[in-house]
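For reference, target-v4.pdb is printed below; it contains PDB, C-alpha atoms.
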```
ATOM      1  CA  MET A1308      30.418  -1.556   9.014  1.00  0.00           C
ATOM      2  CA  SER A1309      32.536  -1.716   5.868  1.00  0.00           C
ATOM      3  CA  VAL A1310      31.607   0.336   2.826  1.00  0.00           C
ATOM      4  CA  LEU A1311      30.530  -2.808   0.953  1.00  0.00           C
ATOM      5  CA  ASP A1312      28.338  -3.837   3.897  1.00  0.00           C
ATOM      6  CA  ARG A1313      26.459  -0.570   3.476  1.00  0.00           C
ATOM      7  CA  PHE A1314      25.241  -1.790   0.082  1.00  0.00           C
ATOM      8  CA  SER A1315      23.839  -5.028   1.502  1.00  0.00           C
ATOM      9  CA  LEU A1316      20.063  -5.456   1.728  1.00  0.00           C
ATOM     10  CA  LYS A1317      20.293  -8.475   4.027  1.00  0.00           C
ATOM     11  CA  GLY A1318      17.286  -8.526   6.339  1.00  0.00           C
ATOM     12  CA  LYS A1319      15.416  -5.887   4.333  1.00  0.00           C
ATOM     13  CA  VAL A1320      11.951  -6.224   2.793  1.00  0.00           C
ATOM     14  CA  ALA A1321      11.053  -4.592  -0.517  1.00  0.00           C
ATOM     15  CA  LEU A1322       7.723  -3.946  -2.231  1.00  0.00           C
ATOM     16  CA  VAL A1323       8.163  -3.551  -6.000  1.00  0.00           C
ATOM     17  CA  THR A1324       5.372  -2.681  -8.430  1.00  0.00           C
ATOM     18  CA  GLY A1325       5.481  -3.813 -12.047  1.00  0.00           C
ATOM     19  CA  SER A1326       7.480  -6.890 -11.083  1.00  0.00           C
ATOM     20  CA  SER A1327       6.542  -9.319 -13.878  1.00  0.00           C
ATOM     21  CA  THR A1328       8.848  -8.012 -16.620  1.00  0.00           C
ATOM     22  CA  GLY A1329      11.360  -5.349 -17.574  1.00  0.00           C
ATOM     23  CA  LEU A1330      12.763  -2.880 -15.083  1.00  0.00           C
ATOM     24  CA  GLY A1331      10.597  -4.058 -12.180  1.00  0.00           C
ATOM     25  CA  GLN A1332      11.664  -7.639 -12.711  1.00  0.00           C
ATOM     26  CA  GLY A1333      15.320  -6.607 -12.903  1.00  0.00           C
ATOM     27  CA  MET A1334      15.155  -4.581  -9.698  1.00  0.00           C
ATOM     28  CA  SER A1335      13.290  -7.364  -7.862  1.00  0.00           C
ATOM     29  CA  ILE A1336      16.004  -9.848  -8.819  1.00  0.00           C
ATOM     30  CA  ALA A1337      18.742  -7.390  -7.841  1.00  0.00           C
ATOM     31  CA  PHE A1338      17.203  -6.777  -4.413  1.00  0.00           C
ATOM     32  CA  ALA A1339      16.912 -10.502  -3.785  1.00  0.00           C
ATOM     33  CA  GLU A1340      20.533 -11.044  -4.823  1.00  0.00           C
ATOM     34  CA  ALA A1341      21.516  -8.296  -2.351  1.00  0.00           C
ATOM     35  CA  GLY A1342      19.699 -10.134   0.439  1.00  0.00           C
ATOM     36  CA  ALA A1343      16.188  -8.637   0.530  1.00  0.00           C
ATOM     37  CA  LYS A1344      12.872 -10.425   0.643  1.00  0.00           C
ATOM     38  CA  VAL A1345      10.643  -9.118  -2.164  1.00  0.00           C
ATOM     39  CA  LEU A1346       6.903  -8.722  -2.579  1.00  0.00           C
ATOM     40  CA  GLY A1347       6.194  -8.078  -6.249  1.00  0.00           C
ATOM     41  CA  VAL A1348       2.984  -6.563  -7.589  1.00  0.00           C
ATOM     42  CA  ASP A1349       1.641  -6.480 -11.136  1.00  0.00           C
ATOM     43  CA  TYR A1350      -1.633  -6.725 -13.027  1.00  0.00           C
ATOM     44  CA  VAL A1351      -0.571 -10.280 -13.925  1.00  0.00           C
ATOM     45  CA  ASP A1352       1.373 -12.859 -11.924  1.00  0.00           C
ATOM     46  CA  SER A1353       5.204 -12.751 -11.902  1.00  0.00           C
ATOM     47  CA  PRO A1354       6.185 -16.429 -12.342  1.00  0.00           C
ATOM     48  CA  GLU A1355       9.491 -15.772 -14.131  1.00  0.00           C
ATOM     49  CA  THR A1356      10.635 -13.312 -11.484  1.00  0.00           C
ATOM     50  CA  LYS A1357       9.681 -15.776  -8.744  1.00  0.00           C
ATOM     51  CA  LYS A1358      11.496 -18.639 -10.512  1.00  0.00           C
ATOM     52  CA  VAL A1359      14.760 -16.698 -10.901  1.00  0.00           C
ATOM     53  CA  ILE A1360      14.747 -15.404  -7.314  1.00  0.00           C
ATOM     54  CA  GLU A1361      13.847 -18.714  -5.683  1.00  0.00           C
ATOM     55  CA  ALA A1362      16.349 -20.638  -7.832  1.00  0.00           C
ATOM     56  CA  ALA A1363      19.055 -18.457  -6.298  1.00  0.00           C
ATOM     57  CA  GLY A1364      17.757 -19.103  -2.777  1.00  0.00           C
ATOM     58  CA  GLY A1365      15.809 -15.850  -2.354  1.00  0.00           C
ATOM     59  CA  GLN A1366      12.255 -15.189  -1.202  1.00  0.00           C
ATOM     60  CA  PHE A1367       9.601 -13.680  -3.481  1.00  0.00           C
ATOM     61  CA  HIS A1368       5.884 -13.285  -2.911  1.00  0.00           C
ATOM     62  CA  SER A1369       3.686 -12.307  -5.868  1.00  0.00           C
ATOM     63  CA  VAL A1370       0.466 -10.292  -5.673  1.00  0.00           C
ATOM     64  CA  VAL A1371      -1.851  -9.560  -8.601  1.00  0.00           C
ATOM     65  CA  ALA A1372      -3.536  -6.155  -8.309  1.00  0.00           C
ATOM     66  CA  ASN A1373      -5.058  -3.433 -10.469  1.00  0.00           C
ATOM     67  CA  LEU A1374      -2.958  -0.371  -9.694  1.00  0.00           C
ATOM     68  CA  MET A1375      -5.125   1.855 -11.884  1.00  0.00           C
ATOM     69  CA  THR A1376      -7.248   2.415  -8.763  1.00  0.00           C
ATOM     70  CA  LEU A1377      -6.434   3.296  -5.151  1.00  0.00           C
ATOM     71  CA  GLU A1378      -8.442   0.396  -3.736  1.00  0.00           C
ATOM     72  CA  PRO A1379      -5.622  -2.175  -3.360  1.00  0.00           C
ATOM     73  CA  LEU A1380      -2.848   0.144  -2.174  1.00  0.00           C
ATOM     74  CA  GLN A1381      -3.132  -0.077   1.611  1.00  0.00           C
ATOM     75  CA  GLY A1382      -3.655  -3.811   1.255  1.00  0.00           C
ATOM     76  CA  LEU A1383      -0.327  -4.161  -0.536  1.00  0.00           C
ATOM     77  CA  VAL A1384       1.545  -2.606   2.371  1.00  0.00           C
ATOM     78  CA  ASP A1385      -0.467  -4.720   4.829  1.00  0.00           C
ATOM     79  CA  GLU A1386       0.265  -7.880   2.815  1.00  0.00           C
ATOM     80  CA  THR A1387       3.986  -7.111   2.795  1.00  0.00           C
ATOM     81  CA  VAL A1388       3.969  -6.752   6.580  1.00  0.00           C
ATOM     82  CA  LYS A1389       1.839  -9.878   6.989  1.00  0.00           C
ATOM     83  CA  VAL A1390       4.088 -12.048   4.791  1.00  0.00           C
ATOM     84  CA  PHE A1391       7.519 -10.686   5.712  1.00  0.00           C
ATOM     85  CA  GLY A1392       6.952  -8.906   9.041  1.00  0.00           C
ATOM     86  CA  LYS A1393       7.745  -5.352   7.920  1.00  0.00           C
ATOM     87  CA  ILE A1394       8.529  -3.139   4.930  1.00  0.00           C
ATOM     88  CA  ASP A1395      11.791  -1.258   4.360  1.00  0.00           C
ATOM     89  CA  ILE A1396      11.789  -0.373   0.656  1.00  0.00           C
ATOM     90  CA  LEU A1397       9.126   0.710  -1.824  1.00  0.00           C
ATOM     91  CA  VAL A1398       9.784   0.887  -5.556  1.00  0.00           C
ATOM     92  CA  ASN A1399       7.074   2.615  -7.591  1.00  0.00           C
ATOM     93  CA  ASN A1400       7.898   1.170 -10.991  1.00  0.00           C
ATOM     94  CA  ALA A1401       4.555   0.237 -12.593  1.00  0.00           C
ATOM     95  CA  GLY A1402       3.566   2.566 -15.404  1.00  0.00           C
ATOM     96  CA  ILE A1403       1.964   2.880 -18.820  1.00  0.00           C
ATOM     97  CA  ILE A1404       2.349   5.120 -21.854  1.00  0.00           C
ATOM     98  CA  ARG A1405      -0.116   6.253 -24.517  1.00  0.00           C
ATOM     99  CA  ARG A1406       1.056   7.710 -27.837  1.00  0.00           C
ATOM    100  CA  CYS A1407      -0.977  10.218 -29.841  1.00  0.00           C
ATOM    101  CA  ASP A1408      -0.585  13.697 -31.306  1.00  0.00           C
ATOM    102  CA  ILE A1409      -1.474  16.260 -28.646  1.00  0.00           C
ATOM    103  CA  ILE A1410      -4.165  17.782 -30.859  1.00  0.00           C
ATOM    104  CA  ASP A1411      -6.054  14.453 -30.802  1.00  0.00           C
ATOM    105  CA  PHE A1412      -5.235  13.318 -27.255  1.00  0.00           C
ATOM    106  CA  THR A1413      -8.237  11.919 -25.365  1.00  0.00           C
ATOM    107  CA  GLU A1414      -9.359  12.361 -21.779  1.00  0.00           C
ATOM    108  CA  LYS A1415      -9.154   8.597 -21.235  1.00  0.00           C
ATOM    109  CA  ASP A1416      -5.527   8.443 -22.366  1.00  0.00           C
ATOM    110  CA  TRP A1417      -4.782  11.375 -20.081  1.00  0.00           C
ATOM    111  CA  ASP A1418      -6.580   9.958 -17.040  1.00  0.00           C
ATOM    112  CA  ASP A1419      -5.348   6.365 -17.382  1.00  0.00           C
ATOM    113  CA  VAL A1420      -1.702   7.392 -17.500  1.00  0.00           C
ATOM    114  CA  LEU A1421      -1.940   9.994 -14.718  1.00  0.00           C
ATOM    115  CA  ASP A1422      -3.882   7.593 -12.495  1.00  0.00           C
ATOM    116  CA  LEU A1423      -1.245   4.840 -12.626  1.00  0.00           C
ATOM    117  CA  ASN A1424       1.949   6.814 -13.141  1.00  0.00           C
ATOM    118  CA  LEU A1425       1.330   9.609 -10.641  1.00  0.00           C
ATOM    119  CA  LYS A1426      -1.763   9.190  -8.448  1.00  0.00           C
ATOM    120  CA  THR A1427      -0.973   5.599  -7.494  1.00  0.00           C
ATOM    121  CA  VAL A1428       2.697   6.489  -6.933  1.00  0.00           C
ATOM    122  CA  PHE A1429       1.687   9.217  -4.501  1.00  0.00           C
ATOM    123  CA  PHE A1430      -0.843   7.236  -2.488  1.00  0.00           C
ATOM    124  CA  LEU A1431       1.202   4.018  -2.322  1.00  0.00           C
ATOM    125  CA  SER A1432       4.146   6.106  -1.106  1.00  0.00           C
ATOM    126  CA  GLN A1433       1.875   7.658   1.508  1.00  0.00           C
ATOM    127  CA  ALA A1434       0.752   4.213   2.716  1.00  0.00           C
ATOM    128  CA  ALA A1435       4.347   2.967   2.880  1.00  0.00           C
ATOM    129  CA  ALA A1436       5.545   6.104   4.689  1.00  0.00           C
ATOM    130  CA  ARG A1437       2.837   5.696   7.324  1.00  0.00           C
ATOM    131  CA  GLN A1438       4.067   2.146   7.905  1.00  0.00           C
ATOM    132  CA  PHE A1439       7.717   3.277   8.069  1.00  0.00           C
ATOM    133  CA  ILE A1440       6.764   5.864  10.699  1.00  0.00           C
ATOM    134  CA  LYS A1441       4.701   3.311  12.617  1.00  0.00           C
ATOM    135  CA  GLN A1442       7.656   0.903  12.611  1.00  0.00           C
ATOM    136  CA  GLY A1443      10.043   3.667  13.662  1.00  0.00           C
ATOM    137  CA  THR A1444      12.643   2.233  11.298  1.00  0.00           C
ATOM    138  CA  GLY A1445      12.768   4.767   8.499  1.00  0.00           C
ATOM    139  CA  GLY A1446      12.657   3.488   4.953  1.00  0.00           C
ATOM    140  CA  LYS A1447      13.515   3.971   1.303  1.00  0.00           C
ATOM    141  CA  ILE A1448      11.146   5.054  -1.460  1.00  0.00           C
ATOM    142  CA  ILE A1449      12.387   4.816  -5.039  1.00  0.00           C
ATOM    143  CA  ASN A1450      10.157   6.332  -7.702  1.00  0.00           C
ATOM    144  CA  ILE A1451      10.753   5.643 -11.371  1.00  0.00           C
ATOM    145  CA  ALA A1452      10.896   8.913 -13.267  1.00  0.00           C
ATOM    146  CA  SER A1453      12.016   9.307 -16.904  1.00  0.00           C
ATOM    147  CA  MET A1454      13.913  11.420 -19.404  1.00  0.00           C
ATOM    148  CA  LEU A1455      10.501  13.036 -19.799  1.00  0.00           C
ATOM    149  CA  SER A1456      10.801  14.338 -16.257  1.00  0.00           C
ATOM    150  CA  PHE A1457      13.264  16.771 -17.881  1.00  0.00           C
ATOM    151  CA  GLN A1458      12.014  17.064 -21.491  1.00  0.00           C
ATOM    152  CA  GLY A1459       8.735  17.476 -23.332  1.00  0.00           C
ATOM    153  CA  GLY A1460       8.799  14.453 -25.576  1.00  0.00           C
ATOM    154  CA  ILE A1461       6.723  13.841 -28.705  1.00  0.00           C
ATOM    155  CA  ARG A1462       3.224  12.276 -28.810  1.00  0.00           C
ATOM    156  CA  VAL A1463       3.316  11.187 -25.145  1.00  0.00           C
ATOM    157  CA  VAL A1464       1.924  14.239 -23.372  1.00  0.00           C
ATOM    158  CA  SER A1465       0.215  12.437 -20.476  1.00  0.00           C
ATOM    159  CA  TYR A1466       3.357  10.381 -19.856  1.00  0.00           C
ATOM    160  CA  THR A1467       5.427  13.579 -19.812  1.00  0.00           C
ATOM    161  CA  ALA A1468       2.981  15.163 -17.369  1.00  0.00           C
ATOM    162  CA  SER A1469       3.068  12.103 -15.125  1.00  0.00           C
ATOM    163  CA  LYS A1470       6.842  11.743 -15.062  1.00  0.00           C
ATOM    164  CA  SER A1471       7.376  15.472 -14.515  1.00  0.00           C
ATOM    165  CA  GLY A1472       4.970  15.066 -11.615  1.00  0.00           C
ATOM    166  CA  VAL A1473       6.917  12.086 -10.260  1.00  0.00           C
ATOM    167  CA  ALA A1474      10.067  14.213 -10.111  1.00  0.00           C
ATOM    168  CA  GLY A1475       8.155  16.941  -8.291  1.00  0.00           C
ATOM    169  CA  ILE A1476       6.457  14.769  -5.695  1.00  0.00           C
ATOM    170  CA  THR A1477       9.724  12.927  -5.046  1.00  0.00           C
ATOM    171  CA  LYS A1478      11.230  16.240  -3.900  1.00  0.00           C
ATOM    172  CA  ALA A1479       8.118  17.160  -1.926  1.00  0.00           C
ATOM    173  CA  MET A1480       8.093  13.816  -0.113  1.00  0.00           C
ATOM    174  CA  ALA A1481      11.786  14.169   0.693  1.00  0.00           C
ATOM    175  CA  ASN A1482      11.150  17.601   2.209  1.00  0.00           C
ATOM    176  CA  GLU A1483       8.536  16.269   4.621  1.00  0.00           C
ATOM    177  CA  TRP A1484       9.728  12.720   5.322  1.00  0.00           C
ATOM    178  CA  ALA A1485      13.521  13.013   5.630  1.00  0.00           C
ATOM    179  CA  LYS A1486      13.040  13.902   9.321  1.00  0.00           C
ATOM    180  CA  HIS A1487      11.542  10.407   9.764  1.00  0.00           C
ATOM    181  CA  ASN A1488      14.646   8.815   8.196  1.00  0.00           C
ATOM    182  CA  ILE A1489      12.672   8.110   5.043  1.00  0.00           C
ATOM    183  CA  CYS A1490      14.815   8.685   1.977  1.00  0.00           C
ATOM    184  CA  THR A1491      12.723   9.446  -1.099  1.00  0.00           C
ATOM    185  CA  ASN A1492      14.529   9.531  -4.432  1.00  0.00           C
ATOM    186  CA  ALA A1493      13.877   8.701  -8.066  1.00  0.00           C
ATOM    187  CA  ILE A1494      15.657   6.964 -10.902  1.00  0.00           C
ATOM    188  CA  ALA A1495      15.153   8.460 -14.352  1.00  0.00           C
ATOM    189  CA  PRO A1496      15.868   5.677 -16.860  1.00  0.00           C
ATOM    190  CA  GLY A1497      16.898   6.669 -20.348  1.00  0.00           C
ATOM    191  CA  TYR A1498      15.688   4.831 -23.418  1.00  0.00           C
ATOM    192  CA  MET A1499      15.402   1.248 -22.160  1.00  0.00           C
ATOM    193  CA  ALA A1500      14.634  -1.943 -24.072  1.00  0.00           C
ATOM    194  CA  THR A1501      11.280  -2.655 -22.368  1.00  0.00           C
ATOM    195  CA  ASN A1502       7.634  -3.135 -23.354  1.00  0.00           C
ATOM    196  CA  ASN A1503       7.021   0.627 -23.210  1.00  0.00           C
ATOM    197  CA  THR A1504       9.587   1.291 -25.965  1.00  0.00           C
ATOM    198  CA  ALA A1505       8.742  -1.637 -28.249  1.00  0.00           C
ATOM    199  CA  GLN A1506       6.936   0.677 -30.685  1.00  0.00           C
ATOM    200  CA  LEU A1507       9.911   3.064 -30.838  1.00  0.00           C
ATOM    201  CA  ARG A1508      12.438   0.280 -31.316  1.00  0.00           C
ATOM    202  CA  ALA A1509      10.319  -1.190 -34.138  1.00  0.00           C
ATOM    203  CA  ASP A1510      10.464   2.161 -35.995  1.00  0.00           C
ATOM    204  CA  ALA A1511      13.861   2.002 -37.727  1.00  0.00           C
ATOM    205  CA  ASP A1512      14.134   5.749 -38.324  1.00  0.00           C
ATOM    206  CA  ARG A1513      13.095   6.691 -34.777  1.00  0.00           C
ATOM    207  CA  SER A1514      15.332   4.064 -33.222  1.00  0.00           C
ATOM    208  CA  GLU A1515      18.320   5.269 -35.262  1.00  0.00           C
ATOM    209  CA  ALA A1516      17.671   8.879 -34.241  1.00  0.00           C
ATOM    210  CA  ILE A1517      17.485   7.919 -30.564  1.00  0.00           C
ATOM    211  CA  LEU A1518      20.613   5.779 -30.658  1.00  0.00           C
ATOM    212  CA  GLY A1519      22.442   8.564 -32.459  1.00  0.00           C
ATOM    213  CA  ARG A1520      21.997  10.808 -29.416  1.00  0.00           C
ATOM    214  CA  ILE A1521      22.968   8.282 -26.742  1.00  0.00           C
ATOM    215  CA  PRO A1522      26.724   8.538 -26.075  1.00  0.00           C
ATOM    216  CA  ALA A1523      26.765   4.920 -24.861  1.00  0.00           C
ATOM    217  CA  GLY A1524      25.478   3.903 -28.300  1.00  0.00           C
ATOM    218  CA  ARG A1525      22.854   1.406 -27.137  1.00  0.00           C
ATOM    219  CA  TRP A1526      19.450   1.040 -25.549  1.00  0.00           C
ATOM    220  CA  GLY A1527      19.514   0.523 -21.799  1.00  0.00           C
ATOM    221  CA  LEU A1528      18.722  -2.832 -20.214  1.00  0.00           C
ATOM    222  CA  PRO A1529      17.054  -3.782 -16.914  1.00  0.00           C
ATOM    223  CA  ASP A1530      20.510  -4.825 -15.664  1.00  0.00           C
ATOM    224  CA  ASP A1531      21.625  -1.195 -15.954  1.00  0.00           C
ATOM    225  CA  LEU A1532      19.219  -0.180 -13.160  1.00  0.00           C
ATOM    226  CA  MET A1533      20.303  -2.880 -10.718  1.00  0.00           C
ATOM    227  CA  GLY A1534      23.268  -1.014  -9.209  1.00  0.00           C
ATOM    228  CA  PRO A1535      21.551   2.378  -8.866  1.00  0.00           C
ATOM    229  CA  ALA A1536      18.462   0.716  -7.351  1.00  0.00           C
ATOM    230  CA  ILE A1537      20.506  -1.190  -4.771  1.00  0.00           C
ATOM    231  CA  PHE A1538      22.375   1.999  -3.883  1.00  0.00           C
ATOM    232  CA  LEU A1539      19.144   3.950  -3.326  1.00  0.00           C
ATOM    233  CA  ALA A1540      17.605   1.075  -1.348  1.00  0.00           C
ATOM    234  CA  SER A1541      20.631   0.548   0.904  1.00  0.00           C
ATOM    235  CA  ASP A1542      22.306   2.302   3.813  1.00  0.00           C
ATOM    236  CA  ALA A1543      24.898   3.635   1.352  1.00  0.00           C
ATOM    237  CA  SER A1544      22.396   6.353   0.364  1.00  0.00           C
ATOM    238  CA  ASN A1545      21.159   7.382   3.819  1.00  0.00           C
ATOM    239  CA  TYR A1546      21.929  11.069   3.223  1.00  0.00           C
ATOM    240  CA  LEU A1547      20.485  11.222  -0.296  1.00  0.00           C
ATOM    241  CA  ASN A1548      17.069  12.873  -0.363  1.00  0.00           C
ATOM    242  CA  GLY A1549      14.961  14.255  -3.201  1.00  0.00           C
ATOM    243  CA  ALA A1550      17.358  13.308  -5.989  1.00  0.00           C
ATOM    244  CA  VAL A1551      16.321  12.330  -9.509  1.00  0.00           C
ATOM    245  CA  VAL A1552      19.178  10.157 -10.777  1.00  0.00           C
ATOM    246  CA  PRO A1553      19.469   9.740 -14.566  1.00  0.00           C
ATOM    247  CA  VAL A1554      20.523   6.305 -15.788  1.00  0.00           C
ATOM    248  CA  ASP A1555      20.533   7.163 -19.462  1.00  0.00           C
ATOM    249  CA  GLY A1556      23.800   6.281 -21.182  1.00  0.00           C
ATOM    250  CA  GLY A1557      24.588   9.995 -21.300  1.00  0.00           C
ATOM    251  CA  TRP A1558      21.383  11.118 -23.083  1.00  0.00           C
ATOM    252  CA  LEU A1559      20.888  14.248 -20.958  1.00  0.00           C
ATOM    253  CA  ALA A1560      24.537  15.222 -21.245  1.00  0.00           C
ATOM    254  CA  ARG A1561      24.398  15.255 -25.055  1.00  0.00           C
TER
END
```
Produce structure tokens that represent the structure in this file.
Amino acid sequence: MSVLDRFSLKGKVALVTGSSTGLGQGMSIAFAEAGAKVLGVDYVDSPETKKVIEAAGGQFHSVVANLMTLEPLQGLVDETVKVFGKIDILVNNAGIIRRCDIIDFTEKDWDDVLDLNLKTVFFLSQAAARQFIKQGTGGKIINIASMLSFQGGIRVVSYTASKSGVAGITKAMANEWAKHNICTNAIAPGYMATNNTAQLRADADRSEAILGRIPAGRWGLPDDLMGPAIFLASDASNYLNGAVVPVDGGWLAR
């Protein structure tokens, strides 16, 4: 197998949450371009993602589900196996953010963010890992962490808690599942031009301060995650376990 062949996802099946827009859409398209069949999940349908993938000759199956609860999680893995015959890759991308001064932060804004960003990530990973072990094929789990897996942030305390937790459980999963040939890693995107950062980008002073610290001098784009995601999903990363990979334009190095 050539080194470039190791990056191919031909014959693989990926389950991607948060597939309708932004980073999840970008990774879904990238996986399809690399040869994978993709089941995308979001709280709304993913027609644009489906259109782009199918126009290029790929296969995409969309599922609408409320990932704020555990109820649909096993069904998502089962649906992936039913539609495509197996599952090889899980990307836990779906997430939300709530902004408020810590002194006024509410229980609801704490619970909603932790439920989707951490609890669902853990239990969907567990369901996928059980299927990987049942298949005897190993698998790849890619969690989406954040700069706030490393830093405290401002006015986003539940998001910081959730993404710090994602980094931690990624390492814990790697410790227990690497022996099953399940590689569990995370990508920590920097400041990306997505729905979650719309409020920051609309604040001229805040946006200028953020851009002033990014050595690359720009906000990240979904395209910037395509290469790292393919690497972590492919055979090229078979000995990478428990890593949290920053894709941040140099933010953490500043």
For A:Arg1561, please output as a short mmCIF file (atom, residue, chain, number, x, y, z; two decimals) with C-alpha atoms, in the coordinates of the input all residues within 8 Å (counting all atoms listed in the file; exclusion window: fewer than 6 positions along the same chain).
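Dumped to selection.cif:
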```
data_model
loop_
_atom_site.label_atom_id
_atom_site.label_comp_id
_atom_site.auth_asym_id
_atom_site.auth_seq_id
_atom_site.Cartn_x
_atom_site.Cartn_y
_atom_site.Cartn_z
CA ARG A 1520 22.00 10.81 -29.42
CA ILE A 1521 22.97 8.28 -26.74
CA PRO A 1522 26.72 8.54 -26.08
#
```
(message) Could you list, as a list of chain:residue names, every residue within 10 Å of stretch 1437-1445 of chain A, counting only C-alpha atoms and ignoring same-chain residues fewer than 6 positions away?
(response) A:Gln1381, A:Val1384, A:Asp1385, A:Val1388, A:Lys1393, A:Ile1394, A:Asp1395, A:Ile1396, A:Leu1431, A:Trp1484, A:Ala1485, A:Lys1486, A:His1487, A:Asn1488, A:Ile1489, A:Cys1490, A:Asn1545
(request) Would you kindly return, as a PyMOL selection string, each protein, DNA or RNA residue with an atom no farther than 8 Å from any atom of A:Trp1526, considering all atoms listed in the file and excluding same-chain residues fewer than 6 positions away? (result) chain A and resi 1498-1500+1518
(message) Is it possible to get the residues within 6 Å of (2.4, -1.0, -11.2) (coordinates as in the file, counting only C-alpha atoms) written as a ChimeraX atom specification?
(response) /A:1324-1325,1349,1374,1400-1402
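Selection check: the PyMOL selection byres ((chain A and resi 1532) around 10) on the shown file gives Leu1330, Gly1331, Gly1333, Met1334, Ala1337, Ile1494, Ala1495, Pro1496, Met1499, Gly1527, Leu1528, Pro1529, Asp1530, Asp1531, Met1533, Gly1534, Pro1535, Ala1536, Ile1537, Val1554 and Asp1555 of chain A.
Those residues positioned at most 10 Å from (-5.5, 3.3, -1.0) are A:Leu1374, A:Thr1376, A:Leu1377, A:Glu1378, A:Pro1379, A:Leu1380, A:Gln1381, A:Gly1382, A:Leu1383, A:Val1384, A:Thr1427, A:Phe1429, A:Phe1430, A:Leu1431, A:Gln1433, A:Ala1434, judged using all atoms listed in the file.
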(message) If I take atom CA of A:Ile1461 and atom CA of A:Gly1475, how far is one from the other in Å, to one decimal?
(response)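 Distance between the two atoms: 20.7 Å.
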(message) For A:Arg1462, find every residue with an atom within 7 Å (counting all atoms listed in the file), except residues of its own chain fewer than 6 positions away, and show them as a list of chain:residue names.
(response) A:Arg1406, A:Cys1407, A:Asp1408, A:Ile1409
For the residues in the current selection, export C-alpha atoms as a short mmCIF file (atom, residue, chain, number, x, y, z; two decimals), in the coordinates of the input.
```cif
data_model
loop_
_atom_site.label_atom_id
_atom_site.label_comp_id
_atom_site.auth_asym_id
_atom_site.auth_seq_id
_atom_site.Cartn_x
_atom_site.Cartn_y
_atom_site.Cartn_z
CA ARG A 1406 1.06 7.71 -27.84
CA CYS A 1407 -0.98 10.22 -29.84
CA ASP A 1408 -0.58 13.70 -31.31
CA ILE A 1409 -1.47 16.26 -28.65
#
```
Output stretch 1313-1325 of chain A with N, CA and C atoms present, as a short mmCIF file (atom, residue, chain, number, x, y, z; two decimals), keeping the file's coordinate frame.
```
data_model
loop_
_atom_site.label_atom_id
_atom_site.label_comp_id
_atom_site.auth_asym_id
_atom_site.auth_seq_id
_atom_site.Cartn_x
_atom_site.Cartn_y
_atom_site.Cartn_z
N ARG A 1313 27.50 -1.59 3.57
CA ARG A 1313 26.46 -0.57 3.48
C ARG A 1313 25.55 -0.78 2.26
N PHE A 1314 26.04 -1.51 1.28
CA PHE A 1314 25.24 -1.79 0.08
C PHE A 1314 24.40 -3.06 0.22
N SER A 1315 24.59 -3.79 1.30
CA SER A 1315 23.84 -5.03 1.50
C SER A 1315 22.39 -4.73 1.86
N LEU A 1316 21.48 -5.56 1.36
CA LEU A 1316 20.06 -5.46 1.73
C LEU A 1316 19.64 -6.65 2.59
N LYS A 1317 20.61 -7.32 3.19
CA LYS A 1317 20.29 -8.48 4.03
C LYS A 1317 19.36 -8.07 5.17
N GLY A 1318 18.26 -8.81 5.30
CA GLY A 1318 17.29 -8.53 6.34
C GLY A 1318 16.25 -7.49 5.97
N LYS A 1319 16.36 -6.92 4.77
CA LYS A 1319 15.42 -5.89 4.33
C LYS A 1319 14.25 -6.53 3.58
N VAL A 1320 13.15 -5.78 3.51
CA VAL A 1320 11.95 -6.22 2.79
C VAL A 1320 11.55 -5.14 1.80
N ALA A 1321 11.38 -5.55 0.54
CA ALA A 1321 11.05 -4.59 -0.52
C ALA A 1321 9.71 -4.91 -1.15
N LEU A 1322 8.96 -3.86 -1.45
CA LEU A 1322 7.72 -3.95 -2.23
C LEU A 1322 8.00 -3.28 -3.58
N VAL A 1323 7.84 -4.04 -4.66
CA VAL A 1323 8.16 -3.55 -6.00
C VAL A 1323 6.94 -3.70 -6.89
N THR A 1324 6.49 -2.60 -7.49
CA THR A 1324 5.37 -2.68 -8.43
C THR A 1324 5.89 -2.87 -9.86
N GLY A 1325 5.06 -3.53 -10.68
CA GLY A 1325 5.48 -3.81 -12.05
C GLY A 1325 6.58 -4.85 -12.09
#
```
